[in-house]
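Reproduced below: input-v4.txt, with compact mmCIF, C-alpha atoms and all ligand atoms.
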```txt
# COMPACT_ATOMS: atom_id res chain seq x y z
CA MET Z 1 -22.76 -10.18 8.07
CA LYS Z 2 -21.11 -10.17 11.51
CA VAL Z 3 -19.78 -6.84 12.78
CA ILE Z 4 -17.22 -6.43 15.55
CA GLU Z 5 -17.01 -2.87 16.87
CA GLN Z 6 -13.93 -1.09 18.10
CA SER Z 7 -14.62 -1.79 21.80
CA TYR Z 8 -13.31 -5.28 21.11
CA PHE Z 9 -9.90 -3.74 20.60
CA GLU Z 10 -7.35 -2.09 22.76
CA HIS Z 11 -7.43 1.68 23.00
CA ALA Z 12 -6.16 4.16 25.53
CA ILE Z 13 -7.14 7.66 26.61
CA SER Z 14 -4.50 9.78 28.31
CA THR Z 15 -4.28 13.38 29.56
CA ASP Z 16 -1.15 15.44 28.94
CA ARG Z 17 0.44 18.14 31.14
CA ASP Z 18 -1.77 20.85 29.58
CA GLY Z 19 -4.88 18.89 30.47
CA ALA Z 20 -5.64 17.91 26.88
CA THR Z 21 -7.13 14.47 26.40
CA HIS Z 22 -5.57 12.14 23.86
CA PHE Z 23 -7.27 9.17 22.32
CA GLU Z 24 -4.95 6.43 21.18
CA GLN Z 25 -6.48 3.63 19.21
CA LYS Z 26 -4.39 0.53 18.70
CA GLY Z 27 -6.79 -1.62 16.70
CA PRO Z 28 -9.30 -1.04 13.91
CA GLU Z 29 -12.65 0.64 14.43
CA GLN Z 30 -14.59 -2.23 12.97
CA ILE Z 31 -14.13 -5.71 11.57
CA VAL Z 32 -16.85 -7.19 9.44
CA TYR Z 33 -17.08 -10.88 8.53
CA LEU Z 34 -18.97 -11.55 5.32
CA GLN Z 35 -20.29 -15.01 4.60
CA ASP Z 36 -22.71 -16.30 1.99
CA GLU Z 37 -23.28 -20.00 1.49
CA ALA Z 38 -24.96 -19.72 -1.91
CA THR Z 39 -21.92 -18.12 -3.57
CA ALA Z 40 -19.28 -19.55 -1.15
CA LEU Z 41 -18.27 -15.97 -0.35
CA GLN Z 42 -16.07 -15.65 2.71
CA ALA Z 43 -14.50 -12.25 3.23
CA ILE Z 44 -13.27 -9.96 5.99
CA VAL Z 45 -13.44 -6.16 5.88
CA ALA Z 46 -11.29 -4.17 8.32
CA ILE Z 47 -12.19 -0.51 8.81
CA HIS Z 48 -9.09 0.72 10.55
CA ASP Z 49 -9.64 4.45 11.01
CA THR Z 50 -12.18 6.93 9.65
CA THR Z 51 -10.97 10.09 11.39
CA LEU Z 52 -9.94 11.73 8.10
CA GLY Z 53 -12.80 10.32 6.02
CA PRO Z 54 -14.37 7.04 4.88
CA ALA Z 55 -12.05 4.04 4.98
CA VAL Z 56 -10.67 3.33 1.52
CA GLY Z 57 -8.77 0.18 0.60
CA GLY Z 58 -8.58 -2.56 -1.98
CA LEU Z 59 -10.12 -6.00 -2.09
CA ARG Z 60 -7.51 -8.77 -2.09
CA PHE Z 61 -8.39 -12.26 -3.39
CA LEU Z 62 -5.98 -14.73 -1.89
CA ALA Z 63 -5.75 -18.25 -0.42
CA TYR Z 64 -4.84 -18.28 3.29
CA PRO Z 65 -3.79 -21.21 5.47
CA ASP Z 66 -6.66 -20.37 7.85
CA GLU Z 67 -9.06 -17.58 8.84
CA GLN Z 68 -6.64 -16.21 11.45
CA ALA Z 69 -4.02 -15.63 8.73
CA ALA Z 70 -6.59 -13.79 6.61
CA LEU Z 71 -7.58 -11.66 9.60
CA GLN Z 72 -3.97 -10.77 10.36
CA ASP Z 73 -3.37 -9.82 6.73
CA VAL Z 74 -6.43 -7.59 6.48
CA LEU Z 75 -5.63 -5.88 9.79
CA ARG Z 76 -2.06 -5.06 8.79
CA LEU Z 77 -3.11 -3.91 5.34
CA SER Z 78 -5.90 -1.69 6.68
CA ARG Z 79 -3.52 0.00 9.13
CA SER Z 80 -1.08 0.72 6.28
CA MET Z 81 -3.93 2.33 4.35
CA THR Z 82 -4.57 4.66 7.30
CA TYR Z 83 -0.90 5.68 7.36
CA LYS Z 84 -0.81 6.02 3.58
CA ALA Z 85 -3.81 8.31 3.34
CA ALA Z 86 -2.70 10.41 6.30
CA ILE Z 87 0.89 10.94 5.19
CA ALA Z 88 -0.13 11.69 1.61
CA GLY Z 89 -2.44 14.44 2.91
CA LEU Z 90 -5.62 12.74 1.66
CA ASP Z 91 -8.99 13.15 3.36
CA VAL Z 92 -9.84 9.48 3.62
CA GLY Z 93 -9.26 6.81 6.22
CA GLY Z 94 -7.80 3.31 6.00
CA GLY Z 95 -9.56 0.03 5.35
CA LYS Z 96 -9.06 -3.20 3.47
CA ALA Z 97 -10.93 -6.34 2.48
CA VAL Z 98 -9.78 -9.89 1.84
CA LEU Z 99 -11.89 -12.37 -0.05
CA ILE Z 100 -10.65 -15.82 0.89
CA LYS Z 101 -9.72 -17.91 -2.14
CA LYS Z 102 -11.09 -21.36 -1.37
CA LYS Z 103 -10.53 -24.39 -3.57
CA GLY Z 104 -12.73 -24.09 -6.66
CA VAL Z 105 -13.94 -20.54 -5.82
CA THR Z 106 -13.45 -17.95 -8.56
CA LEU Z 107 -14.48 -14.32 -8.80
CA THR Z 108 -17.82 -14.83 -10.55
CA GLU Z 109 -20.32 -12.05 -11.08
CA ALA Z 110 -22.53 -13.65 -8.39
CA ILE Z 111 -19.84 -13.57 -5.71
CA LEU Z 112 -18.77 -10.02 -6.61
CA ARG Z 113 -22.37 -8.75 -6.56
CA LYS Z 114 -22.89 -10.39 -3.16
CA TYR Z 115 -19.70 -8.80 -1.87
CA GLY Z 116 -20.88 -5.44 -3.26
CA SER Z 117 -24.24 -5.78 -1.49
CA TYR Z 118 -22.43 -6.25 1.85
CA VAL Z 119 -20.20 -3.23 1.15
CA GLU Z 120 -23.38 -1.24 0.43
CA ARG Z 121 -24.77 -2.22 3.85
CA LEU Z 122 -21.71 -0.62 5.47
CA GLY Z 123 -23.24 2.68 4.40
CA GLY Z 124 -20.14 4.26 2.87
CA HIS Z 125 -17.88 3.78 5.89
CA TYR Z 126 -15.79 1.46 3.70
CA ILE Z 127 -15.09 2.13 0.02
CA THR Z 128 -13.69 -0.81 -1.89
CA ALA Z 129 -11.16 -0.83 -4.74
CA THR Z 130 -8.71 -3.14 -6.56
CA ASP Z 131 -5.82 -4.96 -4.95
CA TYR Z 132 -3.86 -8.17 -5.46
CA ASN Z 133 -5.78 -10.49 -7.83
CA THR Z 134 -8.68 -8.08 -8.37
CA SER Z 135 -9.10 -5.83 -11.40
CA MET Z 136 -11.12 -2.93 -12.78
CA GLU Z 137 -13.43 -5.48 -14.42
CA HIS Z 138 -14.16 -6.96 -11.00
CA MET Z 139 -14.97 -3.47 -9.70
CA VAL Z 140 -17.49 -3.07 -12.52
CA GLN Z 141 -19.33 -6.19 -11.27
CA ILE Z 142 -19.15 -4.99 -7.66
CA ALA Z 143 -20.57 -1.60 -8.73
CA LYS Z 144 -23.79 -3.39 -9.75
CA SER Z 145 -24.69 -3.72 -6.07
CA THR Z 146 -22.90 -0.83 -4.35
CA ARG Z 147 -22.12 2.84 -4.88
CA HIS Z 148 -19.11 2.54 -2.60
CA VAL Z 149 -16.53 1.34 -5.08
CA ILE Z 150 -13.68 3.16 -6.84
CA GLY Z 151 -11.09 2.19 -9.42
CA LEU Z 152 -13.71 1.92 -12.18
CA PRO Z 153 -12.74 2.30 -15.85
CA VAL Z 154 -12.38 5.84 -17.18
CA ALA Z 155 -15.15 5.08 -19.71
CA LEU Z 156 -17.53 4.57 -16.79
CA GLY Z 157 -16.49 7.80 -15.10
CA GLY Z 158 -13.82 6.18 -12.92
CA SER Z 159 -10.12 6.87 -12.45
CA GLY Z 160 -8.95 3.72 -14.24
CA ASP Z 161 -6.21 1.32 -13.21
CA PRO Z 162 -4.10 3.04 -10.51
CA SER Z 163 -0.96 1.00 -11.23
CA GLU Z 164 0.59 3.51 -13.62
CA ASN Z 165 0.28 6.27 -11.06
CA THR Z 166 1.53 3.98 -8.28
CA ALA Z 167 4.64 3.45 -10.40
CA TYR Z 168 4.97 7.19 -11.01
CA GLY Z 169 4.74 7.93 -7.27
CA LEU Z 170 7.33 5.25 -6.61
CA TYR Z 171 9.61 6.79 -9.21
CA ILE Z 172 9.19 10.19 -7.49
CA ALA Z 173 9.96 8.57 -4.10
CA MET Z 174 13.10 6.96 -5.56
CA LYS Z 175 14.24 10.33 -6.86
CA ALA Z 176 13.74 11.94 -3.45
CA ALA Z 177 15.72 9.16 -1.76
CA ALA Z 178 18.46 9.45 -4.39
CA LYS Z 179 18.65 13.20 -3.71
CA LYS Z 180 19.10 12.47 -0.01
CA VAL Z 181 21.65 9.68 -0.42
CA PHE Z 182 23.60 10.61 -3.57
CA GLY Z 183 23.08 14.39 -3.60
CA SER Z 184 21.27 14.30 -6.97
CA ASP Z 185 17.91 12.89 -7.99
CA ARG Z 186 19.14 11.87 -11.44
CA LEU Z 187 18.77 8.12 -11.86
CA VAL Z 188 20.83 7.85 -15.05
CA GLY Z 189 23.40 5.07 -14.66
CA LYS Z 190 22.03 4.02 -11.25
CA LYS Z 191 21.75 0.26 -10.74
CA ILE Z 192 18.14 -0.45 -9.81
CA GLY Z 193 16.65 -3.87 -9.09
CA VAL Z 194 12.89 -4.43 -9.51
CA ALA Z 195 11.47 -7.60 -7.92
CA GLY Z 196 8.07 -8.32 -9.51
CA VAL Z 197 7.26 -6.86 -12.91
CA GLY Z 198 3.48 -7.00 -12.84
CA LYS Z 199 1.22 -3.96 -13.29
CA VAL Z 200 3.31 -1.57 -11.15
CA GLY Z 201 6.77 -3.09 -11.66
CA SER Z 202 6.53 -3.01 -15.45
CA CYS Z 203 5.42 0.67 -15.51
CA LEU Z 204 8.27 1.50 -13.14
CA VAL Z 205 10.79 -0.26 -15.39
CA SER Z 206 9.56 1.81 -18.30
CA LEU Z 207 10.13 5.09 -16.36
CA LEU Z 208 13.58 3.94 -15.19
CA CYS Z 209 14.66 2.89 -18.68
CA GLN Z 210 13.53 6.26 -20.07
CA GLU Z 211 15.94 7.85 -17.59
CA LYS Z 212 18.69 5.42 -18.63
CA ALA Z 213 19.07 3.66 -15.30
CA VAL Z 214 20.65 0.19 -15.38
CA VAL Z 215 17.65 -2.00 -14.58
CA TYR Z 216 17.78 -5.53 -13.15
CA VAL Z 217 14.49 -7.44 -13.00
CA THR Z 218 13.09 -10.64 -11.61
CA ASP Z 219 9.68 -12.34 -11.50
CA ILE Z 220 8.33 -15.80 -10.86
CA CYS Z 221 6.43 -15.52 -14.13
CA PRO Z 222 8.84 -16.11 -17.07
CA ASP Z 223 6.35 -14.74 -19.63
CA ARG Z 224 6.31 -11.33 -17.94
CA LEU Z 225 10.11 -11.18 -18.01
CA GLN Z 226 10.12 -12.18 -21.65
CA THR Z 227 7.58 -9.48 -22.62
CA LEU Z 228 9.46 -6.83 -20.67
CA SER Z 229 12.84 -7.72 -22.16
CA GLU Z 230 11.34 -7.33 -25.63
CA LEU Z 231 10.29 -3.77 -24.77
CA HIS Z 232 13.23 -2.55 -22.69
CA LYS Z 233 16.92 -3.10 -22.14
CA VAL Z 234 16.88 -4.96 -18.80
CA VAL Z 235 19.05 -7.56 -17.09
CA ILE Z 236 17.08 -10.62 -15.97
CA VAL Z 237 18.15 -12.12 -12.64
CA THR Z 238 16.88 -15.14 -10.66
CA THR Z 239 14.39 -14.40 -7.86
CA GLU Z 240 16.76 -15.69 -5.17
CA HIS Z 241 19.60 -13.37 -6.20
CA LEU Z 242 18.22 -9.94 -7.01
CA HIS Z 243 18.07 -8.60 -3.45
CA SER Z 244 21.72 -9.48 -2.74
CA LEU Z 245 23.20 -7.89 -5.89
CA PRO Z 246 25.22 -4.67 -5.52
CA LEU Z 247 22.50 -2.09 -6.28
CA ASP Z 248 21.91 1.60 -5.73
CA ILE Z 249 18.17 1.03 -5.30
CA TYR Z 250 16.20 -2.13 -4.62
CA ALA Z 251 12.45 -2.06 -5.38
CA PRO Z 252 10.29 -4.88 -3.97
CA CYS Z 253 7.19 -4.83 -6.20
CA ALA Z 254 5.69 -8.29 -5.59
CA LEU Z 255 4.13 -9.43 -2.32
CA GLY Z 256 4.87 -8.30 1.26
CA ALA Z 257 7.26 -9.50 4.00
CA SER Z 258 10.23 -9.75 1.63
CA LEU Z 259 12.39 -7.68 4.01
CA ASN Z 260 13.01 -9.86 7.02
CA ALA Z 261 15.63 -11.26 9.41
CA GLU Z 262 16.95 -13.55 6.68
CA THR Z 263 17.04 -11.18 3.68
CA ILE Z 264 18.11 -7.90 5.35
CA PRO Z 265 21.66 -9.13 6.19
CA GLN Z 266 22.03 -10.19 2.52
CA LEU Z 267 21.08 -6.79 1.06
CA ASN Z 268 23.73 -4.88 -0.83
CA CYS Z 269 21.92 -1.65 -1.74
CA ALA Z 270 21.87 1.98 -0.57
CA ILE Z 271 18.12 2.59 -0.88
CA ILE Z 272 14.94 0.51 -0.75
CA ALA Z 273 11.81 1.92 -2.36
CA GLY Z 274 9.16 -0.45 -3.66
CA ALA Z 275 5.45 -0.79 -4.35
CA ALA Z 276 4.65 -3.94 -2.36
CA ASN Z 277 2.50 -3.40 0.73
CA ASN Z 278 3.89 -4.49 4.12
CA GLN Z 279 7.43 -5.10 2.92
CA LEU Z 280 8.79 -5.39 6.47
CA ALA Z 281 7.90 -8.80 7.93
CA GLN Z 282 8.18 -7.32 11.44
CA PRO Z 283 7.84 -3.53 11.02
CA GLU Z 284 9.62 -2.47 14.21
CA LYS Z 285 12.45 -5.01 14.19
CA ASP Z 286 13.06 -4.95 10.44
CA GLY Z 287 12.85 -1.13 10.27
CA ARG Z 288 15.59 -1.03 12.88
CA ARG Z 289 17.64 -3.71 11.12
CA LEU Z 290 17.66 -1.59 7.95
CA PHE Z 291 18.51 1.51 9.95
CA GLU Z 292 21.44 -0.26 11.61
CA ARG Z 293 22.69 -1.38 8.21
CA GLU Z 294 22.44 2.28 7.06
CA ILE Z 295 20.12 1.36 4.21
CA VAL Z 296 17.69 4.18 3.48
CA TYR Z 297 14.22 2.66 3.45
CA VAL Z 298 11.30 4.62 2.01
CA PRO Z 299 8.30 3.25 3.96
CA ASP Z 300 6.10 1.24 1.60
CA PHE Z 301 2.91 3.13 2.45
CA LEU Z 302 4.61 6.32 1.31
CA ALA Z 303 6.42 4.90 -1.73
CA ASN Z 304 3.22 3.37 -3.14
CA ALA Z 305 0.76 6.15 -2.25
CA GLY Z 306 0.39 7.19 -5.92
CA GLY Z 307 -2.27 4.51 -6.45
CA LEU Z 308 -4.44 5.80 -3.63
CA ILE Z 309 -3.94 9.41 -4.77
CA ASN Z 310 -5.22 8.37 -8.20
CA ALA Z 311 -8.19 6.40 -6.86
CA VAL Z 312 -9.50 8.91 -4.33
CA THR Z 313 -9.78 11.66 -6.91
CA GLU Z 314 -12.67 9.57 -8.20
CA LEU Z 315 -14.56 10.40 -5.00
CA ASP Z 316 -14.59 14.06 -5.90
CA MET Z 317 -15.50 14.12 -9.56
CA ARG Z 318 -15.53 17.91 -9.60
CA SER Z 319 -11.78 17.87 -9.16
CA PHE Z 320 -10.87 14.71 -11.07
CA ASN Z 321 -8.30 15.43 -13.68
CA LYS Z 322 -4.99 13.90 -14.67
CA ASN Z 323 -3.00 17.06 -13.97
CA LEU Z 324 -4.25 17.27 -10.42
CA VAL Z 325 -3.36 13.61 -9.84
CA LYS Z 326 0.13 14.24 -11.22
CA GLN Z 327 0.60 17.34 -9.09
CA ARG Z 328 -0.55 15.56 -5.91
CA THR Z 329 1.69 12.60 -6.70
CA GLU Z 330 4.71 14.84 -7.19
CA GLU Z 331 4.13 16.20 -3.68
CA LEU Z 332 5.40 12.80 -2.50
CA TYR Z 333 8.91 14.09 -3.31
CA SER Z 334 8.93 16.67 -0.51
CA ILE Z 335 7.06 14.35 1.87
CA CYS Z 336 9.73 11.67 1.33
CA LEU Z 337 12.56 14.14 1.83
CA HIS Z 338 10.91 15.38 5.03
CA VAL Z 339 10.65 11.81 6.39
CA LEU Z 340 14.25 10.98 5.45
CA ASP Z 341 15.58 14.25 6.92
CA LYS Z 342 13.66 13.78 10.15
CA ALA Z 343 14.85 10.18 10.44
CA ALA Z 344 18.45 11.27 9.97
CA GLU Z 345 18.10 14.12 12.52
CA SER Z 346 16.41 11.97 15.15
CA CYS Z 347 18.46 8.79 14.48
CA CYS Z 348 15.24 6.82 14.07
CA PRO Z 349 14.13 4.28 11.46
CA THR Z 350 12.21 5.93 8.62
CA GLU Z 351 9.25 3.59 9.21
CA GLU Z 352 8.81 4.94 12.75
CA VAL Z 353 9.14 8.56 11.60
CA ALA Z 354 6.61 8.18 8.80
CA GLN Z 355 4.11 6.41 11.07
CA SER Z 356 4.50 9.10 13.67
CA LEU Z 357 3.87 11.88 11.11
CA ALA Z 358 0.76 10.07 9.86
CA LEU Z 359 -0.55 9.49 13.39
CA THR Z 360 0.11 13.10 14.39
CA ARG Z 361 -2.16 14.29 11.58
CA ILE Z 362 -4.91 11.87 12.64
CA GLN Z 363 -4.42 12.63 16.31
CA SER Z 364 -4.84 16.37 15.77
CA ILE Z 365 -8.33 15.74 14.38
CA LYS Z 366 -9.26 13.11 17.00
CA ASN Z 367 -8.19 15.40 19.82
CA ALA Z 368 -10.36 18.18 18.44
CA PHE Z 369 -13.33 15.86 19.17
CA VAL Z 370 -12.43 14.96 22.76
CA ARG Z 371 -11.04 18.24 24.08
P1 LIG K 1 0.72 -7.74 -9.93
O1 LIG K 1 0.02 -8.94 -9.45
O2 LIG K 1 0.31 -7.13 -11.24
O3 LIG K 1 2.29 -8.02 -10.00
C1 LIG K 1 3.01 -8.71 -9.04
C2 LIG K 1 4.13 -9.43 -9.77
O4 LIG K 1 4.98 -10.04 -8.80
C3 LIG K 1 3.63 -10.56 -10.69
O5 LIG K 1 4.23 -10.42 -11.97
C4 LIG K 1 4.09 -11.81 -9.98
O6 LIG K 1 4.40 -12.88 -10.89
C5 LIG K 1 5.32 -11.31 -9.27
N1 LIG K 1 5.77 -12.11 -8.12
C6 LIG K 1 5.02 -12.74 -7.19
N2 LIG K 1 5.81 -13.31 -6.26
C7 LIG K 1 7.09 -13.01 -6.62
C8 LIG K 1 8.35 -13.29 -6.06
N3 LIG K 1 8.47 -14.02 -4.94
N4 LIG K 1 9.46 -12.80 -6.67
C9 LIG K 1 9.36 -12.06 -7.81
N5 LIG K 1 8.18 -11.76 -8.38
C10 LIG K 1 7.07 -12.23 -7.81
O7 LIG K 1 0.60 -6.67 -8.75
P2 LIG K 1 0.81 -5.10 -8.84
O8 LIG K 1 -0.50 -4.44 -9.01
O9 LIG K 1 1.94 -4.79 -9.76
O10 LIG K 1 1.24 -4.77 -7.33
C11 LIG K 1 2.53 -5.14 -6.85
C12 LIG K 1 2.56 -4.88 -5.34
O11 LIG K 1 2.32 -3.50 -5.09
C13 LIG K 1 1.49 -5.64 -4.55
O12 LIG K 1 2.03 -5.98 -3.29
C14 LIG K 1 0.39 -4.62 -4.36
O13 LIG K 1 -0.38 -4.88 -3.20
C15 LIG K 1 1.20 -3.35 -4.22
N6 LIG K 1 0.47 -2.16 -4.64
C16 LIG K 1 -0.07 -2.08 -5.87
C17 LIG K 1 -0.77 -0.93 -6.25
C18 LIG K 1 -1.35 -0.79 -7.63
O14 LIG K 1 -1.74 0.33 -8.00
N7 LIG K 1 -1.42 -1.85 -8.42
C19 LIG K 1 -0.90 0.14 -5.35
C20 LIG K 1 -0.33 0.05 -4.08
C21 LIG K 1 0.37 -1.12 -3.74
```

Please go through the file and, once you have read it, give me the structure as structure tokens.
Ligand code: NAD
Amino acid sequence: MKVIEQSYFEHAISTDRDGATHFEQKGPEQIVYLQDEATALQAIVAIHDTTLGPAVGGLRFLAYPDEQAALQDVLRLSRSMTYKAAIAGLDVGGGKAVLIKKKGVTLTEAILRKYGSYVERLGGHYITATDYNTSMEHMVQIAKSTRHVIGLPVALGGSGDPSENTAYGLYIAMKAAAKKVFGSDRLVGKKIGVAGVGKVGSCLVSLLCQEKAVVYVTDICPDRLQTLSELHKVVIVTTEHLHSLPLDIYAPCALGASLNAETIPQLNCAIIAGAANNQLAQPEKDGRRLFEREIVYVPDFLANAGGLINAVTELDMRSFNKNLVKQRTEELYSICLHVLDKAAESCCPTEEVAQSLALTRIQSIKNAFVR
């Protein structure tokens, strides 16, 4: 296990006019490379920021072109987790792990136990959970060698699959954006496109159909579309076309980077609110592109915070209950409205405003240490 501490990364300390010292950290606190020849485990853990609490973030199992690509992915994802926790008012920090999917490597019990034993050695600074290609069942295996895992089944005292609550938080975020843009948060009759109908997308479709929105869906997996269309009245569209259809709301719920220099000019929607992490290929440039096109973008780390809200309640079992999760998730409505109002007032992209609110919360705690 190779650990790279924060000194490797850029950070700056400045003093303001009142003499207060500010600590600005641009990179993660710690990067840990995990390697085990016996199981062919190769993983990277990024602990981005632990000012508000231990770094929480999922384990992603994905093939990457090279190690640099995996590192970039885990760094971006861990930073989003920091923003997500901070803006949602949670007392945890941001982290993430990627387990590199090599040819012939599958998530066996041996590899998951080994991964868990490395997470254990991090002493609780990083708490692992599910993400793309990892499930509750995988967390059960990981829990055999570490205490620092959440997203376990309810039967084992965990909070269960967070996807349903991620979808609920996204639905709440959509309503807040609709209130801002259309003057009402009713979604009845609104044309809403959902790209990716996996765990989150399918739950979202169910909520939208209950409210009688007109729902367009796409997925690269035909079976998922088939199953969904048997359950709900949806319009199936090809993956290449959904984002350019005339829509009130577009919801990217597959993988990241779908909003970029090529797709943004083709968009034909008033609002974007989706579950996928890192939707903007280049956060600054693409956030501005959306702003210039007057498309209201709910930052992904805010729109999909319901999953983290659900999972972290597992850390405090004294307070774990469904009603509390629901109540905390519904608070996303006023947080979204605040971000959208502030962005409109300051003529700034919503992504920048949301990041700044998240960083201000973290900064206020950091500065308390260095004053
Ligand atoms: P999932 O794997 O269950 O579903 C993703 C779906 O997207 C799959 O059906 C897949 O076939 C489809 N897909 C992949 N590429 C596509 C493409 N180019 N066009 C259309 N569809 C495509 O994943 P999920 O748990 O539903 O998560 C969706 C996204 O939300 C991911 O980016 C995930 O990181 C993020 N997210 C999920 C949660 C959660 O609670 N599950 C929480 C926060 C963020």

Practice item. Find the spatial neighbours of Thr128 of chain Z, counting all atoms listed in the file, within a cut-off of 9 Å - ignore same-chain residues fewer than 3 positions away - and output them as a ChimeraX atom specification. Key: /Z:55-59,95-97,116,119,139,142,148-151

Would you mind exporting the chosen residues as a tab-separated table (two decimals), in the coordinates of the input, restricted to C-alpha atoms?
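File written: out.tsv
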```tsv
chain	number	residue	atom	x	y	z
Z	55	ALA	CA	-12.05	4.04	4.98
Z	56	VAL	CA	-10.67	3.33	1.52
Z	57	GLY	CA	-8.77	0.18	0.60
Z	58	GLY	CA	-8.58	-2.56	-1.98
Z	59	LEU	CA	-10.12	-6.00	-2.09
Z	95	GLY	CA	-9.56	0.03	5.35
Z	96	LYS	CA	-9.06	-3.20	3.47
Z	97	ALA	CA	-10.93	-6.34	2.48
Z	116	GLY	CA	-20.88	-5.44	-3.26
Z	119	VAL	CA	-20.20	-3.23	1.15
Z	139	MET	CA	-14.97	-3.47	-9.70
Z	142	ILE	CA	-19.15	-4.99	-7.66
Z	148	HIS	CA	-19.11	2.54	-2.60
Z	149	VAL	CA	-16.53	1.34	-5.08
Z	150	ILE	CA	-13.68	3.16	-6.84
Z	151	GLY	CA	-11.09	2.19	-9.42
```

Exercise for review: Around ligand LIG 1 (chain K), at most 6 Å away and counting all atoms listed in the file, which residues are there? Put them as a VMD selection string, please.
Suggested key: chain Z and resid 131 to 132 162 to 163 166 195 to 201 218 to 221 239 253 to 256 275 to 277 304 307

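Restricting the calculation to only C-alpha atoms, the smallest distance between Val194 of chain Z and any of Z:Leu107, Z:Ala178, Z:Leu247, Z:Leu152 is found for Z:Leu247.
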
**Study point:** Spatial sel., origin (14.1, -2.1, 11.6), limit 10 Å, only C-alpha atoms, listed as a ChimeraX atom specification
**Key:** /Z:259-261,264,280-293,297,348-352

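Distances to Lys144 of chain Z were evaluated for Z:Val32, Z:Ile192, Z:Cys269, Z:Leu112 using all atoms listed in the file, and the minimum falls at Z:Leu112.
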
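Atom pair atom CA of Arg76 of chain Z / atom CA of Asn278 of chain Z has a distance of 7.6 Å (rounded to one decimal).
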
Revision key, fill the gap. Of Z:Ala257, Z:Ala213, Z:Leu340, Z:Ala303, the one sitting nearest Ala85 of chain Z when using only C-alpha atoms is Z:Ala303

Review point. Within 10 Å of (17.8, -7.3, -0.4), in the coordinates the file gives, what residues turn up when you count all atoms listed in the file, written out as a list of chain:residue names?
Key: Z:Gly193, Z:Ala195, Z:Glu240, Z:His241, Z:Leu242, Z:His243, Z:Ser244, Z:Leu245, Z:Pro246, Z:Leu247, Z:Ile249, Z:Tyr250, Z:Ala251, Z:Pro252, Z:Ser258, Z:Leu259, Z:Asn260, Z:Glu262, Z:Thr263, Z:Ile264, Z:Pro265, Z:Gln266, Z:Leu267, Z:Asn268, Z:Cys269, Z:Ile271, Z:Ile272

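Atom CA of Tyr33 of chain Z lies 27.5 Å from atom CA of Gln355 of chain Z.
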
Check your understanding: When distances are computed from only C-alpha atoms, which of Z:Gln42, Z:Thr313, Z:Gly169, Z:Gln68 shows the smallest separation from Lys114 of chain Z?
Key -> Z:Gln42

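Of the residues listed (Z:Val205, Z:Ala63, Z:Ile87, Z:Ala167), Z:Ile87 shows the shortest atom-to-atom separation from Ser356 of chain Z; distances use all atoms listed in the file.
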
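The space separating atom CA of Asp73 of chain Z from atom CA of Gly89 of chain Z comes to 24.6 Å.
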
Practice item. Extract, using all atoms listed in the file, all DNA, RNA and protein residues at most 7 Å from Gly93 of chain Z, discarding same-chain residues fewer than 3 positions from it, and format them as JSON, numbers by chain. Key: {"Z": [49, 50, 51, 52, 53, 54, 55, 56, 82, 85]}

Include C-alpha atoms and write out the residues we just selected as an mmCIF file, in the coordinates of the input.
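The new file selection16.cif reads:
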```cif
data_model
loop_
_atom_site.group_PDB
_atom_site.id
_atom_site.type_symbol
_atom_site.label_atom_id
_atom_site.label_comp_id
_atom_site.auth_asym_id
_atom_site.auth_seq_id
_atom_site.Cartn_x
_atom_site.Cartn_y
_atom_site.Cartn_z
ATOM 1 C CA ASP Z 49 -9.640 4.450 11.010
ATOM 2 C CA THR Z 50 -12.180 6.930 9.650
ATOM 3 C CA THR Z 51 -10.970 10.090 11.390
ATOM 4 C CA LEU Z 52 -9.940 11.730 8.100
ATOM 5 C CA GLY Z 53 -12.800 10.320 6.020
ATOM 6 C CA PRO Z 54 -14.370 7.040 4.880
ATOM 7 C CA ALA Z 55 -12.050 4.040 4.980
ATOM 8 C CA VAL Z 56 -10.670 3.330 1.520
ATOM 9 C CA THR Z 82 -4.570 4.660 7.300
ATOM 10 C CA ALA Z 85 -3.810 8.310 3.340
#
```

**Study point:** Spatial neighbours of Ile111 of chain Z, 12 Å, all atoms listed in the file, chain gap at least 3 places, as JSON, numbers by chain
**Key:** {"Z": [34, 35, 36, 37, 38, 39, 40, 41, 42, 43, 61, 99, 100, 101, 105, 106, 107, 108, 114, 115, 116, 117, 118, 138, 139, 141, 142, 144, 145]}

Can you spit out the residues from that selection as a compact mmCIF listing (two decimals), in the frame of the given file, using C-alpha atoms?
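part.txt, freshly written:
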```txt
# COMPACT_ATOMS: atom_id res chain seq x y z
CA LEU Z 34 -18.97 -11.55 5.32
CA GLN Z 35 -20.29 -15.01 4.60
CA ASP Z 36 -22.71 -16.30 1.99
CA GLU Z 37 -23.28 -20.00 1.49
CA ALA Z 38 -24.96 -19.72 -1.91
CA THR Z 39 -21.92 -18.12 -3.57
CA ALA Z 40 -19.28 -19.55 -1.15
CA LEU Z 41 -18.27 -15.97 -0.35
CA GLN Z 42 -16.07 -15.65 2.71
CA ALA Z 43 -14.50 -12.25 3.23
CA PHE Z 61 -8.39 -12.26 -3.39
CA LEU Z 99 -11.89 -12.37 -0.05
CA ILE Z 100 -10.65 -15.82 0.89
CA LYS Z 101 -9.72 -17.91 -2.14
CA VAL Z 105 -13.94 -20.54 -5.82
CA THR Z 106 -13.45 -17.95 -8.56
CA LEU Z 107 -14.48 -14.32 -8.80
CA THR Z 108 -17.82 -14.83 -10.55
CA LYS Z 114 -22.89 -10.39 -3.16
CA TYR Z 115 -19.70 -8.80 -1.87
CA GLY Z 116 -20.88 -5.44 -3.26
CA SER Z 117 -24.24 -5.78 -1.49
CA TYR Z 118 -22.43 -6.25 1.85
CA HIS Z 138 -14.16 -6.96 -11.00
CA MET Z 139 -14.97 -3.47 -9.70
CA GLN Z 141 -19.33 -6.19 -11.27
CA ILE Z 142 -19.15 -4.99 -7.66
CA LYS Z 144 -23.79 -3.39 -9.75
CA SER Z 145 -24.69 -3.72 -6.07
```
